[in-house]
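Just below is one structure, and these are the notes that go with it.
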Amino acid sequence: MSETMARATAATKPRRTLTRAVIRFAGDSGDGMQVTGEQFTTEAAWAGNDIATLPNFPAEIRAPAGTLFGVSSFQLQFGSQRVHTPGDLLDALVAMNPAAFKVHLTDLKSGGILIVNTAAFDQRNLDKAGFAKNPLEDAGLAEKYRLHQVDITGLTKKALEDLPLNAKEKDRCKNFFALGLVSWIYTRPVDPTLEWIKKRFGKNAAIVEANTRVLKAGHAFGETAEIFGENYGIEAAEMPAGTYRAMTGNRALAWGLLAAAERSQLPMVFGAYPITPASDILHELSMHKRFRVRTFQAEDEIAAVTAAVGAAFGGAIGVTASSGPGIALKGEGIGLAVTAELPLVIFDIQRGGPSTGLPTKTEQADLMQALYGRNSESPVVVLAPQSPGDCFFIAYEAVRIAVKYMVPVMVLSDGYLANGSEPWLIPDPKALPDIEARFRTDPEGFFPYLRDQATLARPWVRPGTPGLEHRIGGIEKADGSGNISYDPENHDHMVRTRAEKVRRVAQEIPPTTVNGPESGDVLVVGWGGTCGAITAAVEEAQGEGRAVASVHLRYMNPLPPDLGQILRQYHKVLVPEINLGQLVRVLRAEYLVDAVGFNRVRGLPLASQEIYEAITQLLEVKR
Amino acid sequence: MSETMARATAATKPRRTLTRAVIRFAGDSGDGMQVTGEQFTTEAAWAGNDIATLPNFPAEIRAPAGTLFGVSSFQLQFGSQRVHTPGDLLDALVAMNPAAFKVHLTDLKSGGILIVNTAAFDQRNLDKAGFAKNPLEDAGLAEKYRLHQVDITGLTKKALEDLPLNAKEKDRCKNFFALGLVSWIYTRPVDPTLEWIKKRFGKNAAIVEANTRVLKAGHAFGETAEIFGENYGIEAAEMPAGTYRAMTGNRALAWGLLAAAERSQLPMVFGAYPITPASDILHELSMHKRFRVRTFQAEDEIAAVTAAVGAAFGGAIGVTASSGPGIALKGEGIGLAVTAELPLVIFDIQRGGPSTGLPTKTEQADLMQALYGRNSESPVVVLAPQSPGDCFFIAYEAVRIAVKYMVPVMVLSDGYLANGSEPWLIPDPKALPDIEARFRTDPEGFFPYLRDQATLARPWVRPGTPGLEHRIGGIEKADGSGNISYDPENHDHMVRTRAEKVRRVAQEIPPTTVNGPESGDVLVVGWGGTCGAITAAVEEAQGEGRAVASVHLRYMNPLPPDLGQILRQYHKVLVPEINLGQLVRVLRAEYLVDAVGFNRVRGLPLASQEIYEAITQLLEVKR
Amino acid sequence: MSPTAGAPEATRPTPRYTKKDFESDQDVRWCPGCGDYAILSAVQKMMPDLGIPREDIVFISGIGCSSRFPYYMNTYGFHTIHGRAPAVATGLKLARPDLKIFVVTGDGDGLSIGGNHLLHVLRRNVDLTILLFNNRIYGLTKGQYSPTSELGKVTKSTPQGSADRPVSPCVFALACGASFVARTVDRNVAHMEETLKRASRHRGAAFVEILQNCNVYNDLAWNVLYDRESKVMAELRLQHGKPLVWGPPDDRRGLVLEGVRPKVVKVGEVAEDALWVHDEREPASALLLSQLWAPDYPVPVGVLVDVEAPIYEDQVLQQEDKAIADRGPGDVGQLLRSGETWTIS
Amino acid sequence: MSPTAGAPEATRPTPRYTKKDFESDQDVRWCPGCGDYAILSAVQKMMPDLGIPREDIVFISGIGCSSRFPYYMNTYGFHTIHGRAPAVATGLKLARPDLKIFVVTGDGDGLSIGGNHLLHVLRRNVDLTILLFNNRIYGLTKGQYSPTSELGKVTKSTPQGSADRPVSPCVFALACGASFVARTVDRNVAHMEETLKRASRHRGAAFVEILQNCNVYNDLAWNVLYDRESKVMAELRLQHGKPLVWGPPDDRRGLVLEGVRPKVVKVGEVAEDALWVHDEREPASALLLSQLWAPDYPVPVGVLVDVEAPIYEDQVLQQEDKAIADRGPGDVGQLLRSGETWTIS
Ligand SMILES: Cc1ncc(C[n+]2csc(CCOP(=O)(O)OP(=O)(O)O)c2C)c(N)n1
Ligand SMILES: Cc1ncc(C[n+]2csc(CCOP(=O)(O)OP(=O)(O)O)c2C)c(N)n1
Ligand code: SF4
Ligand code: SF4
Ligand SMILES: [Mg+2]
Ligand SMILES: [Mg+2]
């Protein structure tokens, strides 16, 4: 697919050029809003825009049609400049029914484009959404927004009149009418979607034809219908040259593991028990049996993690993934890996909590659990990806460190990173750092708890190696021999050794990049999925000449060696998190700096605007 | 049993009066050292001494005789002044075999009394203990210690010659020979032991006779044998008037629950899965069915805690107990109680870790797990008893708070408190604070998540109450109605409300007592079982005129409202813990004070001596 | 004070209920077409017949589509955590033996993560009515195979087919010593009601496997019992004391035992008394019967076993009563002063 | 690269081992007189006959006295956490199908906290040899009742007797679909060796219940099979293809089936061919047999069932091989560029 094509799109009406736009498709779970959003994302990507997306769907599988809790939506921001977040307020909203209208209208900028599917605003749907009267009849609406009332359902039916499909099948196409229309409004090329339709429905010619027609009909409707005065161009963004693909966090984690397995030439066993929003990692990996990565759908999370530990004992890379509640169950198993000093990788795709909480919503509240969610002194390495694409590199790094230091490594992703996607510059796997897995084979002077002086790692031994038969377990061991030991001094020594081993991982951490001046009034410190929002906020403040910088942590434990030094270069430290203040506590305890938190726990990503405001407030306090 | 009698003990040899003594009985697991120690404790208690004990036994059930890992010991300190700890170095050691000799000799003061059972120093035992030659033959020994080589086995046999018991039965009495001898040396009354023998072996006259004889024989041996030049008197300690009993931590926790059940008139369900060192709480409670406290030995820790949650939903006090590894498994279940806002009491009897670790040894490393060992923001109240007897009041307080605030309360005890005992001034149950359990019965305007304004507690409803039928669960709920809610603002509100509810418990915390000057050079902050050692160390420093004080926390979360204020009154803050520094991290993060830790993780209580040294070092740094 | 008391309302005359009285005000959030709707209405319909005051009824569930059930019942309800409902219910029953408690679980909730609790609650024979909605799939997590999925099942997590053999809920329950075990089908409302009623009236742990359709992720998994054609030849309705026979009037089939091997015969081709007669009082025979499945054998539907067995909480209460009868009710004041004490003045 | 490879030593000729070769240098830390000693020596004795290089053998255990076992075997060993050994072993087997893996567990480790993992490992039929030491008590924690303790068992945690009915390990294993199930006794060394050997050679999950004496907390729990007198009338030695008979030469007894109800008869009083003949290939009949217990019936000892069933890791490997055969081995470079991509220059 050539870019030239990706640029081509007819435009006879006046076109205004924008630098960025935030749009949201909203409708019933059954209305296919996720596909619509993903396709528009691809179109914008092909047009060379930078992009950030935010899918948002209900916990229910298929909530009854028309209900408020059944609304599903997909938001994205695309632009000709770097795009850091899916955006806060909307430039355009497509509402396929009254429920979607009710839930999402509040996020639309006044003056924003509002497209509604009038056909869906019948009495039943209005009742379900709890509207006493039809909100479209409210004159104020058209004053506040650029309202476009389109009978999407009807127009779709008409476009398909002569096709041998039943009513239901035809109706299912209507989301592509909306997609066609919005593609016209923002002059994004529909070609990739046309391609996708062929691939997706290939077997069923009628369906291919139907979706193609409706997509084009929607596009034509924008072009011809009187109601749309103009449309908008958004130039390609200045992005590093190279080949790109759209990448979601969960897929990136899975592929990062595949890259690590391929490079290390180690077998990999991935034990998991399904849980939202982590299940897709299991799904993705199970499609890649060609890599001999063995996925094990366990009976529960405890079996999943202990199976991974067993695999590690066998000389394989043991990996497990879950979300908060499942990670809570894995604590004891992780502790076994800590004391057995075996490599283990744990993915925690954080979601709203506590307990079952908000399974489909995002949160950053498992940091403390990652650091301390086990009995006794049970240190593990903790890493956190900062974007969907970064998940690939973090997964790979997790394996590299786990194997090099014979230590468990926990990766903290979240629901936003997991399902969100971004254009991802495809890396060259050969350029990735080496993974040093050296198995001990020499019986001469072997003991299971002898240590490498640089890493303090104990030797990794593959059962099957003659002369190295040995036994380990969860009871305290004498350093060196590995024999059971109740000796008080040895225990103190081992507790400190396990802690020191994790501390040594600091050797692996590159110098911290500071986004902004090397000293100043406010340093914003973040971690995980808030990177985009923080960067946007900080750049906005910098744009106004404020002495503000930001640091985004990917290594949560141990912390970067240069961090304490950096923190002291600023009058104030602000730590935005989607929790009640976890990293901020760690920083205060570690460095005794009076860092303050900015915390919103709504199951949603932080908005760059609110972070910006928090920064400016902090600046005022100073004066 | 009158005290007069407790004072009476013949003494024709010269008697020196001491203020305190530290002695340890050590032998094979099979030698009955625990009984010996417990009985000597009772004798000293009757003599009016203050006491602290430290039992110490192997993880193995009955390790093969004579092995080093099979050694079992019981240490106690008793005195005529307040006794804070079982003592660091020994004034007297009884070693029943070479293994015990080898393991424990290092702790004996030079010049200390060393009693060995010569009969046990045969080749087999010497080999098992890894002695090339018999250490008793080393002349140096008698120079360094006051060595008494006694053929305890032989003398016991002789004393029982004419009794119709087999050799094994007779041999089993030898520990009472040692007890009799030591009772004579320290002029403690043997009467309580004679009584105990009757009670214990009542049914078997021959055994009663045998033990009685041997005990007396040991006593007489000290009196008559040439080798003992003198013995020692230790006056009764100045202790508050009242009736006392010996109390261990685990029994105190169990009885505290019984007191809470009786006072609150609430049913109680105690769900537990056996684990060292928590099992005895289950054993103790299961003997008290007359209190209608229902013990449930569950299939695992998860069932134990969730059964307790189910009981709480039914309007009962739900309690569960375990040790570190089991608590790790309960995290998810505790999270359910957090979000369901039900009263739940969790006992964590900390032991050496991580993982299986050192099951029979003590540690304080579960504080972070108690605070953070669950997914997401999942706050619970955390309390910590400071002595075996204090466990009674803490257990009661845990129930009181859980019920009043509808919140889970975690109690952090440890192996040392659990098995250690102290003379305990028996309280009047009626003097205990009231437990306010008010069940909602009025359907008028009822919603499950309406809140009490003072405590933020939601109403507790007993199923069976007409008109209050309602449904709750682990998914986020709308405040007030309790209906499932995915609303972002409501979630943020609920997360903060659950946190605030725990913070409100600060209302219950009495002003913090400072042991020492209200300001000064060093404040020592401790929690849990280290109270005695810290107090002793601080008093020693104070005795030398140092401006040192200590604070011992019983409320770990929330922290006492006046703590920050207090911390700032001292130049330095020292935090001794049997972990790598957990409370110290909490204090640094909370108050930004440069508190430093003193940490030894040996599976043993901290020695007051080493804490004293840490204090003096810190004082030097200052100058 | 006896925790079993304190339910004075128990004496009130039980109101005459209708189905409506058991419908809560919550929107039902299952997919349109889900078999769970039929189960919900069957349960709501049979409730009035139990003659139990609504406030004395509790529904406890774990996590899963099935476990959303309690929200829709106008009784007390607790939607707990994944797999733990039997344990929660056990604790509740211990605290409140006076309550009528239902447990609702799924094939994943009850047999994957929760298998161990199911084993032990059945072994203990806690007085609970346990409903397992078996749709042979994980619904709520969007379609992974479950412990009851057939070998080779292609799902999101097993694109090339699952590699493990399924467990049969009824065989499992019987092996765990369940005192009541039955199977029914979501599309057979009358039979469901009948079966649920019997289960609810059983004292002890009553286990009911409900074959349920997940039309979104595992549509028609039980088609052999849905499809008119196959159904007649596949469904074996169990009736206590009656021979095990099924099939269309013109082609009746029956079971005979050859040693321990059941054999399908044409009724009439063997002597009446040669036919295997169903006996709900015979766990051993139920265990044989529960292993039968289509196509080689018919699928037994109905009550497999219904026997009396010691009930956990009954014995706990007896022990308490005995302890109190023997030594009087507990008194903490006395307790604290029991054993060795000494006084300092 | 195939993880199954990388064991070149597999080709070396297996050394001739003796029992000694399997004794580790660790002190054995069980109580004097514990039945575990006999089991240890039986296992060490039968090891050489397996003809497997010592370095290819792994013992995985949970927590308990029984689970200390791996320390005493001079092979690879992993003493894991309570109840999870089957899961650890499953992960190990997936990573290393080339290894011979034993799982050692206890009645508490395997059936209390670990019951669910046992269910699923047996259902999956992972190629493991699972030894459950059943002493009907929690030994390591000093004597609480276990899921196999008899109803009314008086222990530290149940001073007035336990209130739950025991589960039978063999019945449970069979209901979970185990492809090999056997029972043996610690005091019958010869029978133990024989049974363990057969279990070790079975492909798939082989489950062996070993009746073991805890002389400290539950002495002589199996006395019916220890005591000379009672033993002759209580022990039923299973032999494939042979009728189920036992008892002293002068008073032989046998089993016949009345419908599904086994009945004890005097041999000779019924026709030879009326006797119930043991068939290891018949899980259904094994399930009946496994429910028998003294005093009403004899206690079956030996191999209850031994059948072939699909093995979990075999199929996982087949799926991999097929995927590679169809589409070639994976290549991350290709993968990253697969699907929709676009280039910016
Ligand atoms: C501890 C934990 N692990 C995993 C999950 C995710 N989860 C929710 S329901 C479910 C399985 C549901 O299957 P089933 O019990 O058959 O219910 P169904 O949805 O099919 O009715 C899983 C894996 C969870 N909520 N909690
Ligand atoms: C998570 C956890 N819970 C509880 C324990 C305590 N524990 C150790 S072994 C054991 C039971 C052992 O019984 P069994 O499996 O029968 O082994 P046995 O000692 O009788 O051989 C228990 C409860 C533990 N170590 N870990
Ligand atoms: S996913 Fe399946 S089981 Fe769940 S509600 Fe939908 S149809 Fe029912
Ligand atoms: S406690 Fe029992 S099982 Fe454990 S070692 Fe001792 S005798 Fe054996
Ligand atoms: Mg299901
Ligand atoms: Mg046992």
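Identifiers in this document derive from the order of the structure tokens: chains are assigned A, B, ..., residues are numbered from 1 separately in each chain, and ligands are numbered from 1 in order of occurrence.
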Which residues of chain D are close to chain A, meaning at most 7 Å apart when you count only C-alpha atoms, and how do they look as an MDAnalysis selection string? chainID D and resid 1:3 7 55:56 70:71 74:81 84 87:92 95:96 120 320 323:324 328:330 332:333 336 340:345
Restricting it to C-alpha atoms, dump the selection as a PDB file, in the first residue's frame.
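Once everything was written out, this is result.pdb:
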```pdb
ATOM      1  CA  MET D   1      14.421 -24.119  18.502  1.00  0.00           C
ATOM      2  CA  SER D   2      12.683 -26.987  20.238  1.00  0.00           C
ATOM      3  CA  PRO D   3      12.813 -26.885  24.026  1.00  0.00           C
ATOM      4  CA  ALA D   7      19.051 -32.857  26.453  1.00  0.00           C
ATOM      5  CA  GLU D  55      19.776 -36.296  36.083  1.00  0.00           C
ATOM      6  CA  ASP D  56      16.572 -36.632  34.068  1.00  0.00           C
ATOM      7  CA  PRO D  70      12.679 -34.439  47.517  1.00  0.00           C
ATOM      8  CA  TYR D  71      15.528 -33.439  49.835  1.00  0.00           C
ATOM      9  CA  ASN D  74      19.691 -37.718  44.897  1.00  0.00           C
ATOM     10  CA  THR D  75      17.908 -36.353  41.822  1.00  0.00           C
ATOM     11  CA  TYR D  76      16.725 -32.892  40.900  1.00  0.00           C
ATOM     12  CA  GLY D  77      14.156 -31.706  43.398  1.00  0.00           C
ATOM     13  CA  PHE D  78      11.972 -28.733  44.259  1.00  0.00           C
ATOM     14  CA  HIS D  79      10.204 -28.343  47.611  1.00  0.00           C
ATOM     15  CA  THR D  80       7.650 -25.726  46.582  1.00  0.00           C
ATOM     16  CA  ILE D  81       4.675 -24.225  48.414  1.00  0.00           C
ATOM     17  CA  ARG D  84       0.811 -26.241  44.408  1.00  0.00           C
ATOM     18  CA  ALA D  87       0.814 -26.895  39.049  1.00  0.00           C
ATOM     19  CA  VAL D  88       4.572 -26.437  39.396  1.00  0.00           C
ATOM     20  CA  ALA D  89       5.082 -29.873  37.874  1.00  0.00           C
ATOM     21  CA  THR D  90       2.708 -29.075  35.007  1.00  0.00           C
ATOM     22  CA  GLY D  91       4.733 -25.994  34.120  1.00  0.00           C
ATOM     23  CA  LEU D  92       7.950 -27.943  34.346  1.00  0.00           C
ATOM     24  CA  ALA D  95       8.867 -26.693  29.474  1.00  0.00           C
ATOM     25  CA  ARG D  96      10.684 -30.022  29.626  1.00  0.00           C
ATOM     26  CA  HIS D 120      -6.995 -30.369  36.985  1.00  0.00           C
ATOM     27  CA  GLU D 320       3.303 -26.684  17.689  1.00  0.00           C
ATOM     28  CA  ALA D 323       1.818 -24.995  13.153  1.00  0.00           C
ATOM     29  CA  ILE D 324       5.459 -25.153  12.133  1.00  0.00           C
ATOM     30  CA  GLY D 328       7.255 -22.657   9.180  1.00  0.00           C
ATOM     31  CA  PRO D 329       8.952 -21.647  12.414  1.00  0.00           C
ATOM     32  CA  GLY D 330       8.197 -18.231  13.859  1.00  0.00           C
ATOM     33  CA  VAL D 332       9.857 -12.052  14.929  1.00  0.00           C
ATOM     34  CA  GLY D 333      11.220  -9.856  12.168  1.00  0.00           C
ATOM     35  CA  LEU D 336       6.502  -7.280  13.328  1.00  0.00           C
ATOM     36  CA  GLU D 340      -1.192  -3.430   8.014  1.00  0.00           C
ATOM     37  CA  THR D 341       1.933  -1.255   7.960  1.00  0.00           C
ATOM     38  CA  TRP D 342       2.859   2.050   6.351  1.00  0.00           C
ATOM     39  CA  THR D 343       6.107   3.779   5.655  1.00  0.00           C
ATOM     40  CA  ILE D 344       7.114   7.346   6.302  1.00  0.00           C
ATOM     41  CA  SER D 345      10.173   8.593   4.513  1.00  0.00           C
TER      42      SER D 345
END
```
Distance filter 10 Å around ligand 6, atoms: only C-alpha atoms and all ligand atoms, out as a PyMOL selection string: chain D and resi 64-67+105-112+132-141+143-149+211-214+217-218
I need the residues of range 415-529 of chain B that end up classed as helix (DSSP H, G or I) by DSSP on the backbone, written out as a ChimeraX atom specification. /B:415-419,429-431,488-508,528-529
Shell around Asn231 in chain A at 8 Å using only C-alpha atoms, local window under 4 positions removed, as a ChimeraX atom specification: /A:13-16,184-187
Superposition check: chain C onto chain D, every Cα matched in order, least-squares RMSD of 0.0 Å
Show me which bits of chain A are within 8 Å of chain B, counting only C-alpha atoms, as JSON, numbers by chain. {"A": [324, 325, 327, 328, 329, 330, 331, 332, 335, 336, 338, 339, 352, 353, 354, 355, 356, 357, 358, 363, 364, 365, 366, 368, 369, 372, 373, 374, 375, 376, 377, 378, 474, 475, 476, 486, 487, 488, 489, 490, 491, 492, 495, 496, 579, 580, 585, 586, 587, 588, 589, 590, 592, 593, 594, 600, 601, 602, 603, 604]}
Would you kindly report the residues of chain D within 6 Å of chain C, using only C-alpha atoms, as a compact mmCIF listing (two decimals) with N, CA, C and O atoms, in the first residue's frame?
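Below is the file that was written, selection_39.txt:
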```txt
# COMPACT_ATOMS: atom_id res chain seq x y z
N GLY D 115 -6.49 -29.39 46.51
CA GLY D 115 -7.47 -30.24 45.82
C GLY D 115 -7.77 -29.83 44.39
O GLY D 115 -7.93 -30.67 43.51
N ASN D 116 -7.83 -28.52 44.17
CA ASN D 116 -8.19 -28.06 42.83
C ASN D 116 -7.10 -28.38 41.81
O ASN D 116 -7.38 -28.79 40.69
N ARG D 123 -7.24 -34.33 35.27
CA ARG D 123 -8.12 -34.10 34.12
C ARG D 123 -7.29 -33.89 32.85
O ARG D 123 -7.61 -34.42 31.79
N ARG D 124 -6.20 -33.15 33.01
CA ARG D 124 -5.34 -32.88 31.84
C ARG D 124 -4.50 -34.08 31.48
O ARG D 124 -3.93 -34.16 30.40
N ALA D 163 -16.47 -32.51 62.09
CA ALA D 163 -17.88 -32.53 61.67
C ALA D 163 -18.03 -32.79 60.18
O ALA D 163 -19.12 -32.68 59.64
N ASP D 164 -16.94 -33.09 59.49
CA ASP D 164 -17.10 -33.34 58.05
C ASP D 164 -16.67 -34.74 57.64
O ASP D 164 -15.76 -35.34 58.20
N ARG D 165 -17.37 -35.23 56.63
CA ARG D 165 -17.10 -36.57 56.13
C ARG D 165 -15.86 -36.55 55.26
O ARG D 165 -15.62 -35.61 54.52
N PHE D 172 -11.90 -39.80 44.35
CA PHE D 172 -11.73 -38.46 43.82
C PHE D 172 -10.90 -38.50 42.53
O PHE D 172 -11.31 -37.96 41.49
N ALA D 175 -12.83 -39.90 39.65
CA ALA D 175 -13.86 -38.97 39.17
C ALA D 175 -13.24 -37.84 38.37
O ALA D 175 -13.87 -37.25 37.50
N VAL D 260 -25.92 -52.92 40.93
CA VAL D 260 -24.67 -52.19 41.09
C VAL D 260 -24.13 -52.36 42.51
O VAL D 260 -23.13 -51.77 42.86
N SER D 285 -15.92 -49.43 36.61
CA SER D 285 -15.94 -50.46 37.65
C SER D 285 -14.94 -50.10 38.75
O SER D 285 -15.17 -50.35 39.93
N TYR D 312 -1.86 -34.15 27.93
CA TYR D 312 -1.90 -32.71 27.69
C TYR D 312 -0.70 -32.22 26.88
O TYR D 312 -0.86 -31.68 25.79
N GLN D 315 -0.31 -33.17 23.16
CA GLN D 315 -1.12 -32.43 22.19
C GLN D 315 -0.59 -31.02 21.99
O GLN D 315 -0.59 -30.50 20.88
```
Write out as a ChimeraX atom specification each polymer residue whose atoms come within 8 Å of range 178-194 of chain C, counting only C-alpha atoms; drop sequence neighbours fewer than 2 positions from it. /C:35-36,38-39,42-43,45-46,122-123,125,170,173-176,196-199,202,204-213,226,300-309
Selection: 9 Å around Thr513 in chain A, only C-alpha atoms, excl. self and same-chain fewer than 4 positions, as a ChimeraX atom specification: /A:550-552
Those same residues - C-alpha atoms - I'd like them written as a tab-separated table (two decimals), in the first residue's frame.
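Saved result, again.tsv, follows:
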```tsv
chain	number	residue	atom	x	y	z
A	550	SER	CA	9.09	16.15	33.52
A	551	VAL	CA	10.61	12.75	34.13
A	552	HIS	CA	8.80	9.54	33.28
```
As a PyMOL selection string, please: every residue in range 50-138 of chain A that a backbone DSSP assignment puts in strand (DSSP E). chain A and resi 50-56+71-79+90-95+108-117
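Using only C-alpha atoms, the contacts of Leu244 in chain C at a cut-off of 10 Å, with sequence neighbours closer than 3 positions omitted, comprise C:Leu236, C:Arg237, C:Leu238, C:Gln239, C:His240, C:Gly241, C:Arg253, C:Gly254, C:Leu255, C:Val256, C:Val264, C:Leu275, C:Trp276, C:Val277, C:His278, C:Asp279, C:Leu289, C:Pro298, C:Pro300.
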Just the selected residues (N, CA and C atoms), exported as an mmCIF file, in the first residue's frame, please.
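This is the output file again.cif:
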```
data_model
loop_
_atom_site.group_PDB
_atom_site.id
_atom_site.type_symbol
_atom_site.label_atom_id
_atom_site.label_comp_id
_atom_site.auth_asym_id
_atom_site.auth_seq_id
_atom_site.Cartn_x
_atom_site.Cartn_y
_atom_site.Cartn_z
ATOM 1 N N LEU C 236 -32.694 -38.781 28.859
ATOM 2 C CA LEU C 236 -33.177 -39.815 29.766
ATOM 3 C C LEU C 236 -33.708 -39.152 31.030
ATOM 4 N N ARG C 237 -35.039 -39.119 31.171
ATOM 5 C CA ARG C 237 -35.660 -38.519 32.342
ATOM 6 C C ARG C 237 -35.602 -39.504 33.500
ATOM 7 N N LEU C 238 -34.936 -39.099 34.574
ATOM 8 C CA LEU C 238 -34.801 -39.989 35.728
ATOM 9 C C LEU C 238 -36.049 -39.945 36.583
ATOM 10 N N GLN C 239 -36.519 -41.117 36.982
ATOM 11 C CA GLN C 239 -37.647 -41.172 37.912
ATOM 12 C C GLN C 239 -37.362 -42.245 38.937
ATOM 13 N N HIS C 240 -37.425 -41.824 40.197
ATOM 14 C CA HIS C 240 -37.093 -42.744 41.282
ATOM 15 C C HIS C 240 -37.984 -43.990 41.249
ATOM 16 N N GLY C 241 -37.329 -45.134 41.315
ATOM 17 C CA GLY C 241 -38.080 -46.391 41.366
ATOM 18 C C GLY C 241 -38.594 -46.874 40.025
ATOM 19 N N ARG C 253 -36.332 -47.121 24.389
ATOM 20 C CA ARG C 253 -35.062 -47.756 24.731
ATOM 21 C C ARG C 253 -34.942 -47.864 26.245
ATOM 22 N N GLY C 254 -34.072 -48.732 26.688
ATOM 23 C CA GLY C 254 -33.859 -48.882 28.122
ATOM 24 C C GLY C 254 -32.426 -49.269 28.408
ATOM 25 N N LEU C 255 -32.049 -49.262 29.678
ATOM 26 C CA LEU C 255 -30.696 -49.633 30.087
ATOM 27 C C LEU C 255 -30.728 -50.916 30.897
ATOM 28 N N VAL C 256 -29.782 -51.793 30.589
ATOM 29 C CA VAL C 256 -29.554 -52.955 31.450
ATOM 30 C C VAL C 256 -28.081 -52.949 31.832
ATOM 31 N N VAL C 264 -27.462 -50.373 26.242
ATOM 32 C CA VAL C 264 -28.730 -49.857 25.721
ATOM 33 C C VAL C 264 -29.474 -50.994 25.020
ATOM 34 N N LEU C 275 -34.548 -54.561 33.298
ATOM 35 C CA LEU C 275 -34.162 -53.151 33.125
ATOM 36 C C LEU C 275 -33.595 -52.579 34.424
ATOM 37 N N TRP C 276 -32.631 -51.717 34.262
ATOM 38 C CA TRP C 276 -31.992 -51.025 35.376
ATOM 39 C C TRP C 276 -32.994 -50.027 35.939
ATOM 40 N N VAL C 277 -33.317 -50.193 37.217
ATOM 41 C CA VAL C 277 -34.300 -49.305 37.858
ATOM 42 C C VAL C 277 -33.563 -48.203 38.614
ATOM 43 N N HIS C 278 -34.016 -46.972 38.422
ATOM 44 C CA HIS C 278 -33.350 -45.841 39.058
ATOM 45 C C HIS C 278 -33.655 -45.789 40.545
ATOM 46 N N ASP C 279 -32.593 -45.616 41.355
ATOM 47 C CA ASP C 279 -32.765 -45.518 42.801
ATOM 48 C C ASP C 279 -31.979 -44.322 43.315
ATOM 49 N N LEU C 289 -24.385 -43.958 36.605
ATOM 50 C CA LEU C 289 -25.351 -43.305 35.729
ATOM 51 C C LEU C 289 -24.816 -41.956 35.244
ATOM 52 N N PRO C 298 -27.768 -42.289 26.535
ATOM 53 C CA PRO C 298 -28.592 -41.093 26.682
ATOM 54 C C PRO C 298 -27.999 -40.201 27.786
ATOM 55 N N PRO C 300 -28.632 -38.501 31.206
ATOM 56 C CA PRO C 300 -29.576 -38.526 32.334
ATOM 57 C C PRO C 300 -29.912 -37.108 32.782
#
```
